[in-house]
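Undergrad: This one is protein28.csv, CSV, C-alpha atoms.
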chain,number,residue,atom,x,y,z
Y,1,PRO,CA,0.4,-12.7,-24.7
Y,2,MET,CA,0.9,-9.4,-22.8
Y,3,GLU,CA,-2.7,-8.1,-22.4
Y,4,GLU,CA,-3.2,-4.4,-23.0
Y,5,THR,CA,-6.6,-4.4,-21.3
Y,6,LYS,CA,-7.3,-5.7,-17.8
Y,7,PRO,CA,-9.4,-8.9,-17.5
Y,8,ARG,CA,-13.0,-8.5,-16.3
Y,9,ASN,CA,-14.4,-10.1,-13.1
Y,10,LEU,CA,-11.4,-10.1,-10.9
Y,11,GLY,CA,-13.8,-10.0,-8.0
Y,12,GLY,CA,-14.9,-7.5,-5.5
Y,13,SER,CA,-15.9,-6.9,-1.9
Y,14,LEU,CA,-19.2,-7.1,0.1
Y,15,PRO,CA,-20.9,-3.8,0.6
Y,16,VAL,CA,-20.3,-2.2,4.0
Y,17,PRO,CA,-21.4,1.1,5.7
Y,18,ASN,CA,-19.6,4.3,4.8
Y,19,VAL,CA,-17.3,5.0,7.8
Y,20,GLN,CA,-16.9,8.7,7.2
Y,21,ASP,CA,-20.6,9.1,7.3
Y,22,LEU,CA,-20.8,6.9,10.4
Y,23,ALA,CA,-18.1,8.9,12.2
Y,24,GLY,CA,-20.0,12.1,11.3
Y,25,ARG,CA,-22.9,11.0,13.5
Y,26,PRO,CA,-21.3,10.8,17.0
Y,27,ASP,CA,-24.6,11.1,18.9
Y,28,GLU,CA,-26.1,8.2,17.2
Y,29,LEU,CA,-22.9,6.1,17.8
Y,30,ALA,CA,-23.1,7.0,21.5
Y,31,VAL,CA,-26.7,5.7,21.9
Y,32,THR,CA,-26.4,2.7,19.4
Y,33,PRO,CA,-23.3,0.8,20.5
Y,34,THR,CA,-24.2,-2.0,18.0
Y,35,LEU,CA,-23.3,0.3,15.1
Y,36,LEU,CA,-19.6,-0.1,16.1
Y,37,ARG,CA,-19.8,-3.8,16.8
Y,38,ARG,CA,-18.4,-4.8,13.4
Y,39,TYR,CA,-15.3,-2.7,13.9
Y,40,VAL,CA,-14.2,-3.7,17.4
Y,41,ARG,CA,-11.5,-6.4,17.8
Y,42,PRO,CA,-11.1,-8.8,20.7
Y,43,GLN,CA,-7.4,-7.9,21.2
Y,44,PRO,CA,-6.5,-4.3,22.1
Y,45,ASN,CA,-4.0,-2.8,19.5
Y,46,THR,CA,-1.7,-1.8,22.3
Y,47,ALA,CA,-1.1,-5.4,23.4
Y,48,ASP,CA,2.0,-5.9,21.4
Y,49,LEU,CA,3.4,-2.4,20.8
Y,50,ARG,CA,7.1,-2.7,21.3
Y,51,PRO,CA,7.8,-1.3,24.8
Y,52,ASP,CA,10.2,1.7,24.8
Y,53,ALA,CA,13.7,0.5,24.1
Y,54,PRO,CA,15.9,0.3,27.2
Y,55,ALA,CA,17.7,3.5,28.2
Y,56,GLY,CA,20.5,4.5,25.9
Y,57,GLU,CA,18.9,2.7,22.9
Y,58,GLU,CA,16.8,4.7,20.6
Y,59,GLN,CA,13.5,3.6,19.2
Y,60,GLU,CA,14.4,2.0,15.9
Y,61,HIS,CA,13.7,4.0,12.8
Y,62,VAL,CA,12.9,2.8,9.3
Y,63,PRO,CA,16.0,3.2,7.0
Y,64,ILE,CA,16.2,6.3,4.7
Y,65,ILE,CA,17.4,5.9,1.1
Y,66,ASP,CA,18.6,8.9,-1.0
Y,67,LEU,CA,17.5,8.1,-4.5
Y,68,GLY,CA,19.6,10.8,-6.2
Y,69,ARG,CA,22.7,9.3,-4.5
Y,70,LEU,CA,21.7,5.8,-5.3
Y,71,LEU,CA,21.3,6.5,-9.1
Y,72,ASN,CA,24.3,8.9,-9.5
Y,73,PRO,CA,26.7,7.1,-11.8
Y,74,ASP,CA,29.7,9.3,-10.7
Y,75,GLY,CA,28.6,10.0,-7.1
Y,76,LEU,CA,31.1,11.0,-4.6
Y,77,ALA,CA,33.6,8.2,-4.1
Y,78,GLY,CA,31.6,5.4,-2.5
Y,79,GLY,CA,28.4,7.4,-2.1
Y,80,ARG,CA,26.5,5.2,-4.5
Y,81,ASP,CA,27.8,1.9,-3.1
Y,82,GLU,CA,27.0,3.0,0.4
Y,83,GLU,CA,23.4,3.9,-0.6
Y,84,ALA,CA,23.1,0.5,-2.5
Y,85,ALA,CA,24.3,-1.3,0.6
Y,86,ARG,CA,21.7,0.6,2.7
Y,87,LEU,CA,19.0,-0.4,0.2
Y,88,ARG,CA,20.0,-4.0,0.3
Y,89,SER,CA,19.9,-4.1,4.1
Y,90,ALA,CA,16.5,-2.3,4.1
Y,91,CYS,CA,15.1,-4.9,1.8
Y,92,GLU,CA,16.6,-7.9,3.6
Y,93,ASP,CA,16.1,-6.7,7.2
Y,94,TRP,CA,13.2,-4.3,7.3
Y,95,GLY,CA,11.0,-4.7,4.2
Y,96,PHE,CA,10.4,-1.0,4.6
Y,97,PHE,CA,12.3,2.3,3.9
Y,98,GLN,CA,11.7,5.9,3.3
Y,99,VAL,CA,12.9,7.4,0.0
Y,100,VAL,CA,14.0,11.0,-0.2
Y,101,ASN,CA,15.5,13.1,-3.0
Y,102,HIS,CA,13.3,11.2,-5.4
Y,103,GLY,CA,12.9,14.0,-7.9
Y,104,ILE,CA,9.1,14.2,-7.8
Y,105,PRO,CA,8.3,17.9,-7.9
Y,106,GLU,CA,7.0,19.2,-4.6
Y,107,GLU,CA,4.2,20.9,-6.5
Y,108,THR,CA,3.0,17.5,-7.9
Y,109,VAL,CA,3.0,16.0,-4.4
Y,110,GLU,CA,1.2,18.9,-2.8
Y,111,GLU,CA,-1.4,19.1,-5.6
Y,112,MET,CA,-2.1,15.3,-5.2
Y,113,LYS,CA,-2.7,15.8,-1.4
Y,114,LYS,CA,-5.1,18.7,-2.1
Y,115,ASN,CA,-7.1,16.7,-4.6
Y,116,VAL,CA,-7.4,13.7,-2.3
Y,117,MET,CA,-8.5,15.9,0.6
Y,118,GLY,CA,-10.9,17.6,-1.8
Y,119,PHE,CA,-12.4,14.3,-3.0
Y,120,PHE,CA,-13.0,12.9,0.5
Y,121,ALA,CA,-14.5,16.3,1.5
Y,122,LEU,CA,-17.3,16.0,-1.1
Y,123,PRO,CA,-20.8,15.2,0.1
Y,124,LEU,CA,-21.5,11.5,0.4
Y,125,ALA,CA,-24.0,11.5,-2.5
Y,126,GLU,CA,-21.4,12.9,-4.8
Y,127,LYS,CA,-18.8,10.3,-3.8
Y,128,THR,CA,-21.2,7.4,-4.1
Y,129,ALA,CA,-21.5,8.3,-7.8
Y,130,PHE,CA,-18.1,6.5,-8.0
Y,131,ALA,CA,-19.1,3.6,-5.8
Y,132,GLN,CA,-17.7,0.1,-6.5
Y,133,GLN,CA,-20.0,-2.0,-8.6
Y,134,PRO,CA,-20.8,-5.5,-7.3
Y,135,GLY,CA,-17.9,-7.7,-8.1
Y,136,GLU,CA,-15.5,-4.8,-8.9
Y,137,ILE,CA,-12.6,-3.7,-6.8
Y,138,GLU,CA,-12.3,-0.3,-8.5
Y,139,GLY,CA,-14.1,2.7,-7.2
Y,140,TYR,CA,-15.2,4.2,-3.8
Y,141,GLY,CA,-15.9,1.8,-1.0
Y,142,GLN,CA,-13.9,-0.8,0.8
Y,143,ALA,CA,-11.8,-3.9,-0.1
Y,144,PHE,CA,-11.3,-7.4,1.1
Y,145,VAL,CA,-14.6,-7.8,2.8
Y,146,VAL,CA,-15.5,-11.4,2.2
Y,147,SER,CA,-17.9,-12.3,5.0
Y,148,GLU,CA,-20.6,-10.7,7.1
Y,149,GLU,CA,-18.7,-12.0,10.2
Y,150,GLN,CA,-15.3,-10.5,9.8
Y,151,THR,CA,-14.1,-7.4,11.7
Y,152,LEU,CA,-14.2,-4.3,9.6
Y,153,ASP,CA,-11.6,-1.6,9.1
Y,154,TRP,CA,-12.4,1.9,10.2
Y,155,ALA,CA,-11.8,3.5,6.8
Y,156,ASP,CA,-13.1,4.2,3.4
Y,157,MET,CA,-11.1,4.0,0.2
Y,158,PHE,CA,-11.1,5.1,-3.4
Y,159,PHE,CA,-9.3,2.7,-5.6
Y,160,LEU,CA,-8.2,3.2,-9.2
Y,161,LEU,CA,-6.1,1.5,-11.8
Y,162,THR,CA,-3.7,4.1,-13.2
Y,163,GLN,CA,-1.0,2.4,-15.4
Y,164,PRO,CA,-0.8,1.4,-18.2
Y,165,PRO,CA,-3.3,4.0,-19.4
Y,166,THR,CA,-5.3,1.2,-21.2
Y,167,TYR,CA,-6.2,-0.2,-17.7
Y,168,ARG,CA,-8.0,3.0,-16.6
Y,169,ASP,CA,-11.7,3.2,-16.2
Y,170,LEU,CA,-12.1,6.9,-16.7
Y,171,ARG,CA,-15.8,6.8,-15.7
Y,172,LEU,CA,-14.5,6.4,-12.2
Y,173,TRP,CA,-12.1,9.4,-12.4
Y,174,PRO,CA,-13.9,12.4,-10.8
Y,175,SER,CA,-14.1,15.8,-12.6
Y,176,ASN,CA,-14.6,17.4,-9.2
Y,177,PRO,CA,-12.1,18.5,-7.8
Y,178,SER,CA,-11.5,19.9,-11.2
Y,179,THR,CA,-7.7,19.2,-11.3
Y,180,PHE,CA,-8.1,15.6,-10.0
Y,181,LYS,CA,-7.6,13.8,-13.4
Y,182,THR,CA,-4.6,15.7,-14.6
Y,183,CYS,CA,-3.0,15.7,-11.2
Y,184,LEU,CA,-3.4,11.9,-10.7
Y,185,GLU,CA,-2.0,11.3,-14.2
Y,186,ASN,CA,1.1,13.4,-13.4
Y,187,TYR,CA,1.6,11.9,-9.9
Y,188,SER,CA,1.1,8.4,-11.2
Y,189,THR,CA,3.8,8.8,-13.9
Y,190,GLU,CA,6.3,10.3,-11.4
Y,191,VAL,CA,5.7,7.6,-8.8
Y,192,GLN,CA,6.0,4.8,-11.5
Y,193,ARG,CA,9.4,6.2,-12.5
Y,194,VAL,CA,10.6,6.1,-8.9
Y,195,ALA,CA,9.3,2.5,-8.5
Y,196,GLY,CA,11.2,1.5,-11.7
Y,197,GLU,CA,14.4,3.1,-10.5
Y,198,LEU,CA,14.2,1.4,-7.1
Y,199,LEU,CA,13.5,-2.0,-8.7
Y,200,GLY,CA,16.5,-1.5,-11.1
Y,201,ALA,CA,18.7,-0.8,-8.1
Y,202,MET,CA,17.4,-3.9,-6.4
Y,203,ALA,CA,18.1,-6.0,-9.5
Y,204,GLU,CA,21.7,-4.6,-9.4
Y,205,ASN,CA,22.0,-5.6,-5.7
Y,206,LEU,CA,20.7,-9.1,-6.4
Y,207,GLY,CA,23.1,-9.7,-9.4
Y,208,VAL,CA,20.2,-10.0,-11.8
Y,209,ARG,CA,21.8,-9.2,-15.2
Y,210,ASP,CA,18.7,-8.2,-17.1
Y,211,HIS,CA,17.2,-5.4,-14.9
Y,212,SER,CA,13.8,-5.7,-16.7
Y,213,ASP,CA,13.3,-9.0,-14.9
Y,214,MET,CA,12.7,-6.8,-11.8
Y,215,THR,CA,11.6,-3.5,-13.3
Y,216,ARG,CA,8.6,-5.2,-15.1
Y,217,LEU,CA,7.1,-5.2,-11.6
Y,218,ALA,CA,6.5,-1.4,-12.2
Y,219,ALA,CA,4.6,-2.0,-15.4
Y,220,SER,CA,1.2,-1.8,-13.9
Y,221,GLN,CA,0.0,0.5,-11.2
Y,222,SER,CA,-3.0,1.2,-9.0
Y,223,VAL,CA,-3.7,3.8,-6.4
Y,224,ARG,CA,-5.6,3.4,-3.2
Y,225,MET,CA,-6.6,6.6,-1.5
Y,226,ASN,CA,-7.4,6.0,2.2
Y,227,TYR,CA,-9.7,8.0,4.5
Y,228,TYR,CA,-9.5,7.2,8.2
Y,229,PRO,CA,-12.1,9.2,10.2
Y,230,PRO,CA,-11.7,10.0,13.9
Y,231,CYS,CA,-12.9,7.0,16.0
Y,232,PRO,CA,-14.9,7.4,19.2
Y,233,GLU,CA,-12.4,7.6,22.1
Y,234,ALA,CA,-13.8,4.6,23.9
Y,235,HIS,CA,-13.0,2.3,21.0
Y,236,VAL,CA,-9.8,3.8,19.7
Y,237,ASP,CA,-7.6,1.0,21.1
Y,238,SER,CA,-9.8,-1.8,19.8
Y,239,VAL,CA,-10.5,-0.5,16.3
Y,240,LEU,CA,-8.0,-0.5,13.4
Y,241,GLY,CA,-8.0,1.6,10.2
Y,242,LEU,CA,-6.3,-1.2,8.3
Y,243,SER,CA,-6.0,-4.8,9.4
Y,244,PRO,CA,-2.4,-6.3,9.7
Y,245,HIS,CA,-1.3,-7.5,6.2
Y,246,SER,CA,1.6,-7.6,3.8
Y,247,ASP,CA,1.0,-6.1,0.4
Y,248,ALA,CA,0.1,-8.5,-2.4
Y,249,VAL,CA,2.0,-6.5,-5.0
Y,250,GLY,CA,5.6,-5.8,-6.2
Y,251,LEU,CA,6.4,-2.5,-4.6
Y,252,THR,CA,4.2,0.0,-2.7
Y,253,LEU,CA,5.0,3.7,-2.4
Y,254,LEU,CA,2.9,5.5,0.2
Y,255,LEU,CA,2.3,9.3,0.6
Y,256,GLN,CA,1.1,10.5,3.9
Y,257,VAL,CA,-1.5,13.2,3.3
Y,258,SER,CA,-2.2,14.3,6.9
Y,259,LYS,CA,0.2,15.0,9.7
Y,260,VAL,CA,-1.5,12.5,11.9
Y,261,PRO,CA,0.7,9.3,12.3
Y,262,GLY,CA,-1.0,5.9,11.9
Y,263,LEU,CA,1.2,3.4,10.0
Y,264,GLN,CA,2.9,0.7,12.1
Y,265,ILE,CA,5.1,-2.1,10.9
Y,266,ARG,CA,5.7,-5.6,12.4
Y,267,ARG,CA,9.2,-5.9,13.7
Y,268,LYS,CA,10.8,-8.4,16.1
Y,269,GLY,CA,7.4,-9.5,17.4
Y,270,GLY,CA,5.9,-6.0,18.0
Y,271,TRP,CA,4.6,-3.0,16.2
Y,272,VAL,CA,6.9,0.0,15.3
Y,273,PRO,CA,5.3,3.3,14.4
Y,274,VAL,CA,6.6,5.0,11.2
Y,275,THR,CA,6.9,8.7,11.1
Y,276,PRO,CA,7.1,9.9,7.5
Y,277,LEU,CA,9.8,12.5,6.8
Y,278,PRO,CA,8.4,15.7,5.1
Y,279,GLY,CA,8.4,15.1,1.3
Y,280,ALA,CA,9.5,11.4,1.6
Y,281,LEU,CA,7.6,8.4,0.3
Y,282,VAL,CA,7.4,5.3,2.5
Y,283,VAL,CA,8.3,2.3,0.4
Y,284,ASN,CA,7.6,-1.3,1.1
Y,285,VAL,CA,8.6,-4.6,-0.4
Y,286,GLY,CA,5.5,-6.5,-1.5
Y,287,ASP,CA,4.8,-10.2,-1.5
Y,288,VAL,CA,5.7,-10.5,-5.3
Y,289,ILE,CA,9.2,-9.2,-4.6
Y,290,GLU,CA,9.5,-11.8,-1.9
Y,291,VAL,CA,8.5,-14.4,-4.5
Y,292,PHE,CA,10.9,-13.1,-7.1
Y,293,THR,CA,13.8,-13.0,-4.7
Y,294,ASN,CA,12.8,-16.5,-3.3
Y,295,GLY,CA,12.5,-15.1,0.2
Y,296,LYS,CA,15.7,-13.1,0.2
Y,297,TYR,CA,13.7,-9.8,0.5
Y,298,ARG,CA,10.8,-10.0,2.8
Y,299,SER,CA,7.4,-8.4,2.6
Y,300,VAL,CA,6.5,-7.2,6.1
Y,301,GLU,CA,3.1,-7.0,7.8
Y,302,HIS,CA,1.9,-3.5,8.6
Y,303,ARG,CA,-1.4,-1.9,9.9
Y,304,ALA,CA,-3.0,1.5,10.4
Y,305,VAL,CA,-4.2,2.7,13.8
Y,306,VAL,CA,-6.9,5.4,14.2
Y,307,ASN,CA,-7.1,8.6,16.2
Y,308,ALA,CA,-9.8,9.8,18.5
Y,309,ARG,CA,-9.6,13.4,17.4
Y,310,HIS,CA,-8.1,13.6,13.9
Y,311,GLU,CA,-9.0,12.2,10.5
Y,312,ARG,CA,-6.0,10.8,8.5
Y,313,MET,CA,-5.5,10.4,4.8
Y,314,SER,CA,-2.9,8.6,2.8
Y,315,ILE,CA,-2.3,7.5,-0.8
Y,316,ALA,CA,-0.8,4.1,-1.5
Y,317,THR,CA,0.5,3.5,-5.0
Y,318,PHE,CA,0.9,-0.2,-5.8
Y,319,HIS,CA,3.2,-1.6,-8.6
Y,320,SER,CA,2.9,-5.0,-10.1
Y,321,GLY,CA,3.5,-7.0,-13.3
Y,322,ARG,CA,1.0,-6.7,-16.2
Y,323,PHE,CA,-1.8,-9.2,-16.8
Y,324,GLY,CA,-0.6,-11.9,-19.2
Y,325,THR,CA,2.7,-12.3,-17.4
Y,326,MET,CA,3.9,-14.7,-14.7
Y,327,TYR,CA,5.1,-14.4,-11.1
Y,328,GLY,CA,7.7,-16.9,-9.8
Y,329,PRO,CA,11.2,-17.0,-8.2
Y,330,LEU,CA,13.9,-15.7,-10.5
Y,331,GLU,CA,16.3,-18.4,-11.6
Y,332,GLU,CA,19.4,-16.3,-11.1
Y,333,VAL,CA,18.4,-15.7,-7.5
Y,334,VAL,CA,17.4,-19.3,-6.7
Y,335,GLY,CA,20.7,-20.5,-8.2
Y,336,ASP,CA,21.3,-24.1,-7.0
Y,337,GLY,CA,18.7,-23.7,-4.2
Y,338,GLU,CA,15.1,-24.8,-4.2
Y,339,PRO,CA,12.3,-22.4,-5.4
Y,340,ARG,CA,10.2,-21.7,-2.2
Y,341,TYR,CA,7.2,-20.5,-4.2
Y,342,ARG,CA,5.3,-21.9,-7.1
Y,343,SER,CA,4.8,-19.8,-10.3
Y,344,VAL,CA,1.4,-18.3,-11.0
Y,345,SER,CA,-0.1,-16.1,-13.6
Y,346,VAL,CA,-0.7,-12.5,-12.6
Y,347,GLN,CA,-4.4,-13.0,-13.2
Y,348,GLU,CA,-4.6,-16.1,-11.0
Y,349,TYR,CA,-2.7,-14.2,-8.3
Y,350,VAL,CA,-4.9,-11.1,-8.4
Y,351,LYS,CA,-8.1,-13.2,-8.2
Y,352,LEU,CA,-6.7,-15.0,-5.2
Y,353,VAL,CA,-5.9,-11.7,-3.5
Y,354,VAL,CA,-9.2,-10.0,-4.2
Y,355,SER,CA,-11.2,-12.9,-2.8
Y,356,SER,CA,-9.2,-13.1,0.5
Y,357,LYS,CA,-9.6,-11.0,3.6
Y,358,LEU,CA,-6.5,-9.0,4.8
Y,359,ASP,CA,-4.9,-11.4,7.2
Y,360,GLY,CA,-1.2,-11.3,7.8
Y,361,LYS,CA,0.7,-13.1,5.1
Y,362,ASN,CA,-2.1,-15.5,4.1
Y,363,ILE,CA,-1.5,-15.1,0.3
Y,364,MET,CA,2.1,-16.1,0.7
Y,365,ASP,CA,1.2,-19.3,2.5
Y,366,SER,CA,-1.1,-20.3,-0.4
Y,367,ILE,CA,1.7,-20.2,-3.0
Y,368,SER,CA,4.5,-21.5,-0.8
Y,369,THR,CA,6.0,-24.8,-1.9
Y,370,SER,CA,6.7,-26.0,1.6
Could you show the structure in this file as structure tokens?

TA:
Amino acid sequence: PMEETKPRNLGGSLPVPNVQDLAGRPDELAVTPTLLRRYVRPQPNTADLRPDAPAGEEQEHVPIIDLGRLLNPDGLAGGRDEEAARLRSACEDWGFFQVVNHGIPEETVEEMKKNVMGFFALPLAEKTAFAQQPGEIEGYGQAFVVSEEQTLDWADMFFLLTQPPTYRDLRLWPSNPSTFKTCLENYSTEVQRVAGELLGAMAENLGVRDHSDMTRLAASQSVRMNYYPPCPEAHVDSVLGLSPHSDAVGLTLLLQVSKVPGLQIRRKGGWVPVTPLPGALVVNVGDVIEVFTNGKYRSVEHRAVVNARHERMSIATFHSGRFGTMYGPLEEVVGDGEPRYRSVSVQEYVKLVVSSKLDGKNIMDSISTS
């Protein structure tokens, strides 16, 4: 049965220090180097940045998809097909693209940025009122910390389930900033619409007759608001804001809040920085779409680097299937081939994800049939 409520006990993360608070005490960090020990990685982040392309070749840029053009039934001759072809190649070759002309009012986007900045600017004591409870992923804190030994990410997050409305835990929705709740509700609905439209266009590209086979991956939604404080200069190359990982969801739509760049994606053995266009959302194919398309569309690893001088904030909105449904390769896409992934229930999948640390494509390996 389709569950209208979310199951309990999906698991949580071990408690870790608040990074924003830590970064706000530079003198202490300078005299107590051990405070940073848990964040420093053995391998410098710059080790495998793709060297500048040879003269005459530009640094590659993530593809850009014009949603209005993609959806326009009587677009200029060929306009729609051209956009659909661009979407197909973005999903097959990149796993990432930027979406423009998406129809989300600028005001909704700007308001959302303001509210997230406002939330992270609250005094620590006020934010800790929304702290994650033991064994819970929702709330203010950090995710995917499963051992005392693992290297930590230089970031704090605020994570909320937003769709369907029955999944919401409104005790965790702050009333300060005062417009936060209404704003998140509006933003959440708009982004969910865009996710559904993109999934419908993907279904069309894949030859999946019943679009709901794909669009059901926008039925549930969660929002992860990220705060990356400035990191002491000496460590900026050996600390990450977000460990390399692919997203264990259907489709992620990311809104960059600050002007400071930080997102990098894995491509041809190196890391390529993504510079979000003003007003665009950065979209990436999650592991669940890779499963549904039996590997035709690839979820791609990405990470976030930190900055010595500037804080950075972003809002990732994840879309997935509802609890009570299954994930597995779509028969129409597998055709006469072999399914490369086993089918799992959404609940089993989410439990697996929450109990793992972010580590490349580790989740995919555990449900692969090979």

Undergrad: Quick one, how far is CA of Asp213 in chain Y from CA of Asn294 in chain Y?

TA: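 Calculated distance between CA of Asp213 in chain Y and CA of Asn294 in chain Y is 13.8 Å.
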
Undergrad: Give me, please, the distance in Å between CA of Ala308 in chain Y and CA of His235 in chain Y, quoted to one decimal.

TA: 8.5 Å

Undergrad: Any idea what the distance is between CA of Glu311 in chain Y and CA of Phe159 in chain Y?

TA: 18.7 Å

Undergrad: Which of these residues is nearest to Leu206 in chain Y, using only C-alpha atoms: Y:Glu92, Y:Asp66, Y:Glu28, Y:Glu60?

TA: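 With only C-alpha atoms as the atom set, the closest residue is Y:Glu92.
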
Undergrad: Do you have, as JSON lines, the list of residues of range 146-238 of chain Y lying at most 7 Å from range 107-129 of chain Y, each with its nearest atom pair and that distance in Å to one decimal, counting only C-alpha atoms and ordered by chain then number?

TA:
{"residue": "Y:Pro177", "atom": "CA", "partner": "Y:Gly118", "partner_atom": "CA", "distance": 6.2}
{"residue": "Y:Phe180", "atom": "CA", "partner": "Y:Asn115", "partner_atom": "CA", "distance": 5.6}
{"residue": "Y:Cys183", "atom": "CA", "partner": "Y:Met112", "partner_atom": "CA", "distance": 6.1}
{"residue": "Y:Leu184", "atom": "CA", "partner": "Y:Met112", "partner_atom": "CA", "distance": 6.6}
{"residue": "Y:Tyr187", "atom": "CA", "partner": "Y:Thr108", "partner_atom": "CA", "distance": 6.1}

Undergrad: Would you list the contacts of Ser258 in chain Y as an mmCIF file with C-alpha atoms, in the coordinates of the input, taking every protein, DNA or RNA residue within 8 Å and counting all atoms listed in the file, but skipping same-chain residues closer than 5 positions in sequence?

TA:
data_model
loop_
_atom_site.group_PDB
_atom_site.id
_atom_site.type_symbol
_atom_site.label_atom_id
_atom_site.label_comp_id
_atom_site.auth_asym_id
_atom_site.auth_seq_id
_atom_site.Cartn_x
_atom_site.Cartn_y
_atom_site.Cartn_z
ATOM 1 C CA GLU Y 311 -9.000 12.200 10.500
ATOM 2 C CA ARG Y 312 -6.000 10.800 8.500
ATOM 3 C CA MET Y 313 -5.500 10.400 4.800
ATOM 4 C CA SER Y 314 -2.900 8.600 2.800
#

Undergrad: With distances taken over only C-alpha atoms, which residue among Y:Gly200, Y:Val62, Y:Arg69, Y:Asp336 lies nearest Leu263 in chain Y?

TA: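 Counting only C-alpha atoms, the residue closest to Leu263 in chain Y is Y:Val62.
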
Undergrad: Using all atoms listed in the file, pick whichever of Y:Glu290, Y:Glu190, Y:Glu332, Y:Glu301 has the shortest atom-to-atom distance to Pro105 in chain Y.

TA: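 The closest residue to Pro105 in chain Y is Y:Glu190.
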
Undergrad: Find the residues near Pro276 in chain Y: any atom within 12 Å, counting all atoms listed in the file, skip ones fewer than 3 places away on the same chain, and give them as a PyMOL selection string.

TA: chain Y and resi 61-64+96-100+253-264+273+279-283+314

Undergrad: Pick out the residues sitting within 9 Å of Trp94 in chain Y, and hand them over as a list of chain:residue names; count only C-alpha atoms, and ignore anything fewer than 5 positions along from it in its own chain.

TA: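 After dropping sequence-adjacent residues, the list is Y:Val62, Y:Pro63, Y:Ser89, Y:Arg267, Y:Asn284, Y:Val285, Y:Tyr297, Y:Arg298, Y:Ser299, Y:Val300.
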
Undergrad: Taking all atoms listed in the file into account, which of Y:Gly207, Y:Gly250, Y:Gly337, Y:Gly141 comes nearest Pro17 in chain Y?

TA: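 For Pro17 in chain Y, the nearest of the given residues is Y:Gly141.
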
Undergrad: Starting from the point (5.0, -17.8, 0.8), work out which residues of protein, DNA or RNA have an atom no more than 10 Å away when counting all atoms listed in the file; state them as a list of chain:residue names.

TA: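 With a cut-off of 10 Å, the residues come to Y:Asp287, Y:Val288, Y:Glu290, Y:Val291, Y:Asn294, Y:Gly295, Y:Arg298, Y:Ser299, Y:Arg340, Y:Tyr341, Y:Arg342, Y:Lys361, Y:Asn362, Y:Ile363, Y:Met364, Y:Asp365, Y:Ser366, Y:Ile367, Y:Ser368, Y:Thr369, Y:Ser370.
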
Undergrad: How would the residues just chosen look if you wrote them out with C-alpha atoms as a PDB file, in the coordinates of the input?

TA:
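Result file follows (selection-v8.pdb):
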ATOM      1  CA  ASP Y 287       4.800 -10.200  -1.500  1.00  0.00           C
ATOM      2  CA  VAL Y 288       5.700 -10.500  -5.300  1.00  0.00           C
ATOM      3  CA  GLU Y 290       9.500 -11.800  -1.900  1.00  0.00           C
ATOM      4  CA  VAL Y 291       8.500 -14.400  -4.500  1.00  0.00           C
ATOM      5  CA  ASN Y 294      12.800 -16.500  -3.300  1.00  0.00           C
ATOM      6  CA  GLY Y 295      12.500 -15.100   0.200  1.00  0.00           C
ATOM      7  CA  ARG Y 298      10.800 -10.000   2.800  1.00  0.00           C
ATOM      8  CA  SER Y 299       7.400  -8.400   2.600  1.00  0.00           C
ATOM      9  CA  ARG Y 340      10.200 -21.700  -2.200  1.00  0.00           C
ATOM     10  CA  TYR Y 341       7.200 -20.500  -4.200  1.00  0.00           C
ATOM     11  CA  ARG Y 342       5.300 -21.900  -7.100  1.00  0.00           C
ATOM     12  CA  LYS Y 361       0.700 -13.100   5.100  1.00  0.00           C
ATOM     13  CA  ASN Y 362      -2.100 -15.500   4.100  1.00  0.00           C
ATOM     14  CA  ILE Y 363      -1.500 -15.100   0.300  1.00  0.00           C
ATOM     15  CA  MET Y 364       2.100 -16.100   0.700  1.00  0.00           C
ATOM     16  CA  ASP Y 365       1.200 -19.300   2.500  1.00  0.00           C
ATOM     17  CA  SER Y 366      -1.100 -20.300  -0.400  1.00  0.00           C
ATOM     18  CA  ILE Y 367       1.700 -20.200  -3.000  1.00  0.00           C
ATOM     19  CA  SER Y 368       4.500 -21.500  -0.800  1.00  0.00           C
ATOM     20  CA  THR Y 369       6.000 -24.800  -1.900  1.00  0.00           C
ATOM     21  CA  SER Y 370       6.700 -26.000   1.600  1.00  0.00           C
TER      22      SER Y 370
END

Undergrad: Select, from Y:Arg25, Y:Gln132, Y:Trp173, Y:Thr215, the residue with the minimum atom-to-atom distance to Ala203 in chain Y, counting all atoms listed in the file.

TA: Y:Thr215

Undergrad: For Ser238 in chain Y, which residue out of Y:Asn18, Y:Ser355, Y:Gln192, Y:Asn307 is the nearest one, using all atoms listed in the file?

TA: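 Closest candidate: Y:Asn307.
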
Undergrad: Do you know which residues are at most 10 Å from Gly321 in chain Y counting only C-alpha atoms, after dropping those on the same chain fewer than 6 positions away, and could you put them as JSON, numbers by chain?

TA: {"Y": [214, 215, 216, 217, 218, 219, 220, 221, 249, 250, 288, 327, 345, 346, 347]}
